[in-house]
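Peer 1: Input structure: upload_17.cif, which contains mmCIF, C-alpha atoms.
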data_data
loop_
_atom_site.label_atom_id
_atom_site.label_comp_id
_atom_site.auth_asym_id
_atom_site.auth_seq_id
_atom_site.Cartn_x
_atom_site.Cartn_y
_atom_site.Cartn_z
CA MET A 1 0.00 0.00 0.00
CA ASP A 2 1.26 3.42 -0.91
CA THR A 3 0.84 5.42 2.28
CA LYS A 4 1.47 8.66 0.37
CA THR A 5 -1.93 8.29 -1.30
CA PRO A 6 -4.08 11.39 -0.64
CA ILE A 7 -7.32 10.33 1.04
CA LEU A 8 -10.59 12.20 1.49
CA VAL A 9 -12.77 11.13 4.43
CA VAL A 10 -16.43 12.25 4.19
CA ASP A 11 -18.75 11.96 7.19
CA ASP A 12 -21.07 14.33 9.01
CA TYR A 13 -20.22 12.80 12.39
CA ARG A 14 -17.02 14.38 13.63
CA THR A 15 -16.38 11.41 15.87
CA MET A 16 -16.33 9.04 12.92
CA VAL A 17 -14.01 11.36 10.99
CA ARG A 18 -11.64 11.34 13.97
CA ILE A 19 -11.81 7.56 14.24
CA ILE A 20 -11.06 6.98 10.57
CA ARG A 21 -8.29 9.58 10.56
CA ASN A 22 -6.78 7.99 13.65
CA LEU A 23 -6.84 4.51 12.14
CA LEU A 24 -5.39 5.81 8.86
CA ALA A 25 -2.61 7.55 10.78
CA GLN A 26 -1.79 4.27 12.49
CA LEU A 27 -1.51 2.67 9.07
CA GLY A 28 0.92 5.39 8.00
CA PHE A 29 -1.37 7.62 5.90
CA ASP A 30 -0.72 11.29 6.62
CA ASP A 31 -2.21 13.07 3.60
CA VAL A 32 -5.81 12.94 4.78
CA ASP A 33 -8.50 15.59 4.29
CA ASP A 34 -12.09 15.47 5.46
CA ALA A 35 -15.50 16.90 4.56
CA GLY A 36 -18.87 16.98 6.31
CA ASP A 37 -21.09 15.92 3.41
CA GLY A 38 -21.14 15.23 -0.31
CA SER A 39 -21.36 18.86 -1.39
CA GLU A 40 -18.36 19.90 0.67
CA ALA A 41 -16.46 16.86 -0.56
CA LEU A 42 -17.13 17.77 -4.21
CA GLU A 43 -15.74 21.23 -3.55
CA ARG A 44 -12.55 19.72 -2.16
CA MET A 45 -12.30 17.32 -5.10
CA SER A 46 -12.59 20.17 -7.57
CA SER A 47 -9.23 21.51 -6.43
CA LYS A 48 -7.35 18.34 -5.50
CA ARG A 49 -6.87 14.91 -6.97
CA TYR A 50 -7.35 12.12 -4.44
CA GLY A 51 -6.20 8.53 -4.54
CA LEU A 52 -9.05 7.29 -2.36
CA VAL A 53 -12.39 8.48 -0.99
CA ILE A 54 -13.85 6.98 2.18
CA SER A 55 -17.43 8.16 2.58
CA ASP A 56 -20.39 7.69 4.88
CA TRP A 57 -23.80 7.06 3.30
CA ASN A 58 -26.23 8.81 5.64
CA MET A 59 -25.37 12.51 5.42
CA GLU A 60 -27.22 15.75 4.80
CA PRO A 61 -27.79 17.61 2.59
CA MET A 62 -25.98 15.40 0.02
CA ASN A 63 -25.88 11.76 1.01
CA GLY A 64 -23.12 9.31 0.16
CA LEU A 65 -24.92 7.65 -2.74
CA ASP A 66 -25.67 10.95 -4.48
CA PHE A 67 -22.09 12.03 -3.81
CA LEU A 68 -20.80 8.81 -5.39
CA LYS A 69 -23.04 9.34 -8.44
CA ALA A 70 -21.79 12.93 -8.77
CA VAL A 71 -18.18 11.75 -8.62
CA ARG A 72 -18.73 9.04 -11.21
CA SER A 73 -20.62 11.44 -13.49
CA GLY A 74 -17.40 13.36 -13.99
CA SER A 75 -18.24 16.51 -12.08
CA THR A 76 -14.63 16.69 -10.86
CA ALA A 77 -11.25 15.46 -12.02
CA ASN A 78 -11.65 12.46 -9.70
CA THR A 79 -14.13 10.47 -11.80
CA HIS A 80 -12.38 7.13 -11.39
CA VAL A 81 -11.09 7.56 -7.85
CA PRO A 82 -11.42 4.40 -5.69
CA PHE A 83 -14.47 4.93 -3.48
CA ILE A 84 -15.16 3.04 -0.25
CA MET A 85 -18.57 3.46 1.40
CA VAL A 86 -18.37 3.16 5.20
CA THR A 87 -21.85 2.94 6.63
CA ALA A 88 -24.33 1.21 8.87
CA GLU A 89 -26.66 1.02 5.86
CA SER A 90 -26.38 -2.70 5.24
CA LYS A 91 -29.60 -3.59 3.43
CA GLN A 92 -28.82 -5.70 0.40
CA SER A 93 -30.79 -3.41 -1.93
CA SER A 94 -28.78 -0.42 -0.72
CA VAL A 95 -25.49 -2.23 -1.18
CA GLN A 96 -26.60 -3.25 -4.67
CA ALA A 97 -27.54 0.37 -5.47
CA ALA A 98 -24.10 1.53 -4.35
CA LYS A 99 -22.45 -1.18 -6.42
CA GLU A 100 -24.40 -0.17 -9.50
CA ALA A 101 -23.44 3.47 -8.89
CA GLY A 102 -19.80 2.47 -9.03
CA VAL A 103 -18.64 2.05 -5.43
CA THR A 104 -15.32 0.25 -5.19
CA ASN A 105 -15.84 -1.38 -1.82
CA TYR A 106 -18.09 -1.27 1.21
CA ILE A 107 -17.39 -1.32 4.94
CA VAL A 108 -20.15 -1.89 7.47
CA LYS A 109 -20.12 0.04 10.75
CA PRO A 110 -19.01 -0.77 13.34
CA PHE A 111 -15.80 -1.93 11.77
CA SER A 112 -12.42 -2.96 13.07
CA ALA A 113 -9.01 -1.58 12.19
CA ASP A 114 -8.27 -4.94 10.56
CA THR A 115 -11.29 -4.59 8.26
CA LEU A 116 -10.21 -1.09 7.23
CA ARG A 117 -6.65 -2.28 6.63
CA SER A 118 -7.92 -5.20 4.56
CA LYS A 119 -10.18 -3.02 2.40
CA LEU A 120 -7.46 -0.43 1.86
CA GLY A 121 -5.13 -3.22 0.83
CA SER A 122 -7.65 -4.55 -1.66
CA VAL A 123 -8.43 -1.12 -3.14
CA LEU A 124 -4.95 0.43 -3.18
CA GLY A 125 -3.02 -2.78 -3.80
CA MET B 1 -84.33 -0.76 57.03
CA THR B 2 -82.55 -0.50 53.75
CA LYS B 3 -84.75 -0.48 50.71
CA LYS B 4 -83.19 -2.17 47.71
CA LEU B 5 -83.90 -0.91 44.24
CA PRO B 6 -83.54 -3.01 41.14
CA SER B 7 -80.30 -2.46 39.20
CA GLY B 8 -80.72 0.40 36.75
CA MET B 9 -83.17 3.18 37.20
CA ALA B 10 -85.22 2.72 34.03
CA PRO B 11 -88.09 0.21 33.76
CA PRO B 12 -87.10 -2.97 31.93
CA PRO B 13 -88.20 -3.25 28.28
CA GLY B 14 -91.23 -5.23 27.19
CA LEU B 15 -93.67 -3.76 29.72
CA GLU B 16 -97.15 -2.49 29.00
CA LYS B 17 -97.55 1.27 28.94
CA GLU B 18 -99.39 1.29 32.27
CA GLN B 19 -96.80 -0.88 34.00
CA ARG B 20 -94.00 1.32 32.66
CA SER B 21 -95.77 4.47 33.82
CA LEU B 22 -96.29 3.01 37.29
CA ILE B 23 -92.68 2.00 37.72
CA GLU B 24 -91.44 5.41 36.50
CA SER B 25 -93.75 7.08 38.98
CA VAL B 26 -92.43 4.95 41.86
CA LEU B 27 -88.81 5.58 40.88
CA LYS B 28 -89.51 9.30 40.69
CA ASP B 29 -91.02 9.25 44.17
CA ILE B 30 -88.01 7.41 45.55
CA LEU B 31 -85.56 9.84 43.94
CA GLU B 32 -87.43 12.85 45.28
CA SER B 33 -87.93 11.44 48.77
CA ASP B 34 -85.39 11.54 51.56
CA LEU B 35 -85.26 7.91 52.54
CA PRO B 36 -82.60 6.79 55.00
CA GLY B 37 -79.81 4.44 53.94
CA GLN B 38 -77.65 4.21 50.89
CA TYR B 39 -80.60 4.20 48.51
CA GLY B 40 -82.37 7.15 50.07
CA GLY B 41 -83.65 9.61 47.47
CA HIS B 42 -81.32 12.57 47.99
CA THR B 43 -78.37 10.30 48.68
CA LEU B 44 -79.01 8.40 45.48
CA LYS B 45 -79.45 11.59 43.50
CA SER B 46 -76.28 12.98 45.00
CA LEU B 47 -74.37 9.81 44.18
CA ARG B 48 -75.65 9.88 40.65
CA GLU B 49 -74.64 13.51 40.24
CA GLN B 50 -71.21 12.80 41.67
CA GLN B 51 -70.73 9.91 39.28
CA GLU B 52 -71.84 12.05 36.38
CA GLY B 53 -69.22 14.57 37.47
CA HIS B 54 -66.57 11.86 37.56
CA ASN B 55 -67.61 10.67 34.16
CA GLU B 56 -67.29 14.17 32.75
CA ASP B 57 -63.83 14.54 34.34
CA LEU B 58 -62.79 11.19 32.97
CA ALA B 59 -64.10 12.02 29.52
CA ALA B 60 -62.31 15.34 29.65
CA ALA B 61 -59.08 13.65 30.69
CA MET B 62 -59.40 10.96 28.07
CA THR B 63 -60.29 13.25 25.21
CA ALA B 64 -58.55 16.53 25.90
CA GLU B 65 -56.18 16.94 28.82
CA GLN B 66 -54.11 13.79 28.45
CA PRO B 67 -53.49 14.06 24.71
CA ARG B 68 -52.59 17.70 25.27
CA ASP B 69 -50.14 16.62 28.01
CA ILE B 70 -48.70 14.03 25.66
CA SER B 71 -48.23 16.60 22.94
CA GLU B 72 -47.08 19.56 25.04
CA LYS B 73 -45.14 17.89 27.86
CA HIS B 74 -44.22 14.25 27.42
CA LEU B 75 -43.12 14.13 23.79
CA PRO B 76 -40.96 17.28 23.92
CA THR B 77 -39.39 15.92 27.12
CA ILE B 78 -38.49 12.67 25.36
CA VAL B 79 -36.91 14.59 22.50
CA GLN B 80 -35.00 16.84 24.91
CA ASN B 81 -33.72 13.87 26.90
CA LEU B 82 -32.59 12.02 23.80
CA SER B 83 -30.85 15.12 22.49
CA SER B 84 -29.14 15.54 25.84
CA ILE B 85 -28.00 11.91 25.85
CA ARG B 86 -26.68 12.25 22.31
CA SER B 87 -24.77 15.41 23.12
CA THR B 88 -23.36 13.99 26.37
CA ALA B 89 -22.24 10.82 24.61
CA GLU B 90 -20.61 12.91 21.90
CA SER B 91 -18.71 15.00 24.45
CA ALA B 92 -17.61 11.87 26.31
CA THR B 93 -16.45 10.24 23.10
CA HIS B 94 -14.39 13.27 22.14
CA ALA B 95 -12.82 13.27 25.62
CA ILE B 96 -11.91 9.59 25.19
CA MET B 97 -10.49 10.29 21.73
CA ASN B 98 -8.45 13.23 23.07
CA ALA B 99 -6.98 11.10 25.84
CA THR B 100 -6.28 8.24 23.43
CA GLU B 101 -4.49 10.51 20.97
CA ASN B 102 -2.46 12.05 23.80
CA ILE B 103 -1.33 8.59 24.87
CA GLN B 104 -0.56 7.66 21.25
CA GLY B 105 1.70 10.71 21.15
CA LEU B 106 3.69 9.37 24.09
CA LEU B 107 4.17 5.86 22.74
CA GLY B 108 7.57 6.72 21.26
CA MET B 109 8.94 6.99 24.81
CA LEU B 110 8.34 3.31 25.41
CA ASP B 111 10.31 0.30 24.29
CA GLU B 112 9.08 -1.33 21.10
CA LYS B 113 7.36 -4.30 22.73
CA MET B 114 5.47 -2.15 25.21
CA GLU B 115 4.60 0.34 22.47
CA GLN B 116 3.06 -2.39 20.32
CA LEU B 117 1.05 -3.73 23.24
CA ILE B 118 -0.37 -0.35 24.21
CA ARG B 119 -0.97 0.70 20.59
CA LYS B 120 -3.07 -2.42 20.07
CA GLU B 121 -5.21 -1.63 23.11
CA LEU B 122 -5.58 2.01 22.06
CA THR B 123 -6.79 0.88 18.65
CA LEU B 124 -9.54 -1.09 20.37
CA ILE B 125 -10.54 2.05 22.28
CA VAL B 126 -10.68 4.06 19.05
CA GLN B 127 -12.81 1.38 17.37
CA ALA B 128 -15.17 1.29 20.34
CA CYS B 129 -15.72 5.04 20.04
CA ALA B 130 -17.72 4.33 16.89
CA PHE B 131 -20.61 3.50 19.22
CA GLN B 132 -21.35 7.21 19.44
CA ASP B 133 -21.96 7.46 15.72
CA LEU B 134 -24.25 4.43 15.69
CA THR B 135 -26.22 5.30 18.81
CA GLY B 136 -26.52 8.87 17.54
CA GLN B 137 -28.14 7.61 14.33
CA GLN B 138 -30.42 5.31 16.32
CA MET B 139 -31.53 8.22 18.47
CA THR B 140 -32.24 10.28 15.39
CA ARG B 141 -34.58 7.52 14.23
CA ILE B 142 -36.28 7.45 17.65
CA VAL B 143 -36.73 11.23 17.58
CA ASP B 144 -38.31 10.84 14.13
CA SER B 145 -40.71 8.23 15.52
CA VAL B 146 -41.61 10.45 18.49
CA GLU B 147 -42.27 13.28 16.07
CA ALA B 148 -44.59 11.00 14.08
CA ILE B 149 -46.55 10.27 17.28
CA GLU B 150 -46.63 13.98 18.11
CA PHE B 151 -47.97 14.65 14.61
CA ALA B 152 -50.77 12.09 15.08
CA VAL B 153 -51.73 13.40 18.53
CA ASP B 154 -51.76 16.99 17.29
CA GLY B 155 -53.95 15.84 14.41
CA ILE B 156 -56.49 14.44 16.89
CA LEU B 157 -56.36 17.57 19.04
CA SER B 158 -56.71 19.78 15.97
CA ALA B 159 -59.86 17.94 14.99
CA MET B 160 -61.18 18.73 18.49
CA GLY B 161 -60.53 22.43 17.95
CA ASP B 162 -57.27 22.89 19.92
CA LYS B 163 -55.66 26.00 18.41
CA ASN B 164 -52.16 25.27 19.72
CA ALA B 165 -52.32 21.77 18.31
CA GLN B 166 -53.48 23.12 14.96
CA ARG B 167 -50.45 25.43 14.86
CA ARG B 168 -48.04 22.61 15.78
CA TYR B 169 -49.71 20.25 13.30
CA LYS B 170 -49.22 22.74 10.48
CA GLU B 171 -45.59 23.33 11.48
CA ILE B 172 -44.76 19.63 11.55
CA ALA B 173 -46.62 19.02 8.28
CA ALA B 174 -44.68 21.84 6.61
CA ARG B 175 -41.37 20.53 7.97
CA ARG B 176 -42.15 17.01 6.79
CA THR B 177 -43.02 18.23 3.32
CA LYS B 178 -39.79 20.19 3.18
CA GLU B 179 -37.74 17.17 4.31
CA LYS B 180 -39.48 14.97 1.79
CA THR B 181 -38.80 17.45 -1.01
CA SER B 182 -35.16 17.95 -0.04
CA GLY B 183 -34.55 14.24 0.44
CA LYS B 184 -33.54 14.66 4.07
CA LYS B 185 -34.29 11.89 6.54
CA THR B 186 -35.47 9.53 3.86
CA LEU B 187 -32.63 7.08 4.24
CA SER B 188 -32.72 4.23 6.64
CA GLY B 189 -30.26 4.43 9.46
CA PRO B 190 -28.62 1.43 11.00
CA GLN B 191 -30.91 -1.57 11.08
CA ASN B 192 -29.21 -2.84 14.18
CA ILE B 193 -26.26 -1.75 16.27
CA ILE B 194 -24.97 -5.31 16.13
CA VAL B 195 -24.03 -5.99 12.53
CA LYS B 196 -22.25 -9.25 13.10
CA ASP B 197 -21.51 -11.06 9.84
CA LYS B 198 -22.99 -8.20 7.79
CA GLN B 199 -19.56 -7.44 6.38
CA ALA B 200 -19.23 -11.02 5.13
CA GLU B 201 -22.68 -10.86 3.50
CA ILE B 202 -21.77 -7.64 1.71
CA ASP B 203 -18.39 -8.99 0.64
CA ASN B 204 -20.30 -11.81 -1.04
CA ILE B 205 -22.36 -9.28 -3.02
CA PHE B 206 -19.17 -7.63 -4.25
CA ASP B 207 -17.56 -10.97 -5.07
CA ALA B 208 -20.60 -12.07 -7.09
#
Using structure tokens, write down the structure from this file.

Peer 2:
Amino acid sequence: MDTKTPILVVDDYRTMVRIIRNLLAQLGFDDVDDAGDGSEALERMSSKRYGLVISDWNMEPMNGLDFLKAVRSGSTANTHVPFIMVTAESKQSSVQAAKEAGVTNYIVKPFSADTLRSKLGSVLG
Amino acid sequence: MTKKLPSGMAPPPGLEKEQRSLIESVLKDILESDLPGQYGGHTLKSLREQQEGHNEDLAAAMTAEQPRDISEKHLPTIVQNLSSIRSTAESATHAIMNATENIQGLLGMLDEKMEQLIRKELTLIVQACAFQDLTGQQMTRIVDSVEAIEFAVDGILSAMGDKNAQRRYKEIAARRTKEKTSGKKTLSGPQNIIVKDKQAEIDNIFDA
């Protein structure tokens, strides 16, 4: 895993942002930005190219699925960025919708550091 | 001597007109007399009036006061308490995270073996802090449910002419319409705090 990869963490719960940032720091990632919802994340992505997005689903005003669709539609220069959805939304239909929208991988809350490490490994190689 | 009256004060059905008239006349005499004992006329009348008063109070409580209490006192209290719990849990979680990160900053002072041991335990603490996010979402769903109950109660009170309830009903209806239009609060939150094996199920969807 290339720990120099710039990562954008998107979640409206500050606690979860802190948790993910903390776990990423333990894995050696230090180029980490965060945003409170999809709209704010798109603004950040318009001025910076990221190597990975880790996003919550249940956010307001722009939720994670709409954010993912906006990213994949080419609204920023990050159209093909690896995108991991981290959420408690675990209904099969929702997971399928995210998959069809182009999500790269999916982590169910609550998750362990090992799960995050494993998913990062599978997405970033 | 106690005089016993038949249960009910009206003549039983199926009587001839004359019989009915006679019984009504006797009952009227009893009610207007001042007989001693529990079935004495004034005592009976007084008891009946008292019971009618109780019935009116009960009806008032059942149909007006209690729903108003539910809407104006109990439901807002539930929402306030849940909000307080959510905010307290959030503050506590941030305090735990602060302490954890402070300790993580000191790990370099320890020997490698001890550092690894403590880092592993601190990671477990950080993971556990995710409870605040999940319980917060659960509470949001509960608050939504309470609001739905409040909406229904205010609807009943509005139909009974309660002006305050009509105002609240309109406010909630407007807010709900706005949320529906903007797409807010339409997503399901966590189905269950315990999502054991959910990750494996979802991995299977991605592997398919």

Peer 1: Go ahead and compute the interatomic distance for CA of Ile84 in chain A and CA of Tyr106 in chain A, in Å to one decimal.

Peer 2: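 Distance reported for this atom pair: 5.4 Å.
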
Peer 1: For the structure provided, state which residues fall under the PyMOL selection byres ((chain A and resi 53-70) around 9), and present them as JSON, numbers by chain.

Peer 2: {"A": [6, 7, 8, 9, 10, 11, 12, 13, 20, 36, 37, 38, 39, 40, 41, 42, 50, 51, 52, 71, 72, 73, 74, 75, 76, 79, 81, 82, 83, 84, 85, 86, 87, 88, 89, 97, 98, 101, 102, 103], "B": [137, 182, 183, 184, 185, 187, 188, 189]}

Peer 1: In Å, how far is it from CA of Glu72 in chain B to CA of Gly155 in chain B?

Peer 2: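 That distance, rounded to one decimal, is 13.2 Å.
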
Peer 1: One number please: CA of Gln132 in chain B to CA of Ala35 in chain A, in Å, one decimal.

Peer 2: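 Here the two named atoms are 18.7 Å from each other.
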
Peer 1: Report as a list in words the full result of the PyMOL selection byres ((chain B and resi 150) around 9) when it is applied to this structure.

Peer 2: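 Selection result, ordered by chain and number: Ile70, Ser71, Glu72, Leu75, Pro76, Ser145, Val146, Glu147, Ala148, Ile149, Phe151, Ala152, Val153, Asp154, Gly155, Tyr169 and Ile172 of chain B.
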
Peer 1: Please evaluate the PyMOL selection byres ((chain B and resi 94) around 12) against the displayed coordinates and give the resulting residues as number ranges by chain.

Peer 2: A: 13-19; B: 87-93, 95-101, 125-126, 129-133

Peer 1: Atoms to include: C-alpha atoms. Write the selected residues as a short mmCIF file (atom, residue, chain, number, x, y, z; two decimals), keeping the file's coordinate frame.

Peer 2:
data_model
loop_
_atom_site.label_atom_id
_atom_site.label_comp_id
_atom_site.auth_asym_id
_atom_site.auth_seq_id
_atom_site.Cartn_x
_atom_site.Cartn_y
_atom_site.Cartn_z
CA TYR A 13 -20.22 12.80 12.39
CA ARG A 14 -17.02 14.38 13.63
CA THR A 15 -16.38 11.41 15.87
CA MET A 16 -16.33 9.04 12.92
CA VAL A 17 -14.01 11.36 10.99
CA ARG A 18 -11.64 11.34 13.97
CA ILE A 19 -11.81 7.56 14.24
CA SER B 87 -24.77 15.41 23.12
CA THR B 88 -23.36 13.99 26.37
CA ALA B 89 -22.24 10.82 24.61
CA GLU B 90 -20.61 12.91 21.90
CA SER B 91 -18.71 15.00 24.45
CA ALA B 92 -17.61 11.87 26.31
CA THR B 93 -16.45 10.24 23.10
CA ALA B 95 -12.82 13.27 25.62
CA ILE B 96 -11.91 9.59 25.19
CA MET B 97 -10.49 10.29 21.73
CA ASN B 98 -8.45 13.23 23.07
CA ALA B 99 -6.98 11.10 25.84
CA THR B 100 -6.28 8.24 23.43
CA GLU B 101 -4.49 10.51 20.97
CA ILE B 125 -10.54 2.05 22.28
CA VAL B 126 -10.68 4.06 19.05
CA CYS B 129 -15.72 5.04 20.04
CA ALA B 130 -17.72 4.33 16.89
CA PHE B 131 -20.61 3.50 19.22
CA GLN B 132 -21.35 7.21 19.44
CA ASP B 133 -21.96 7.46 15.72
#
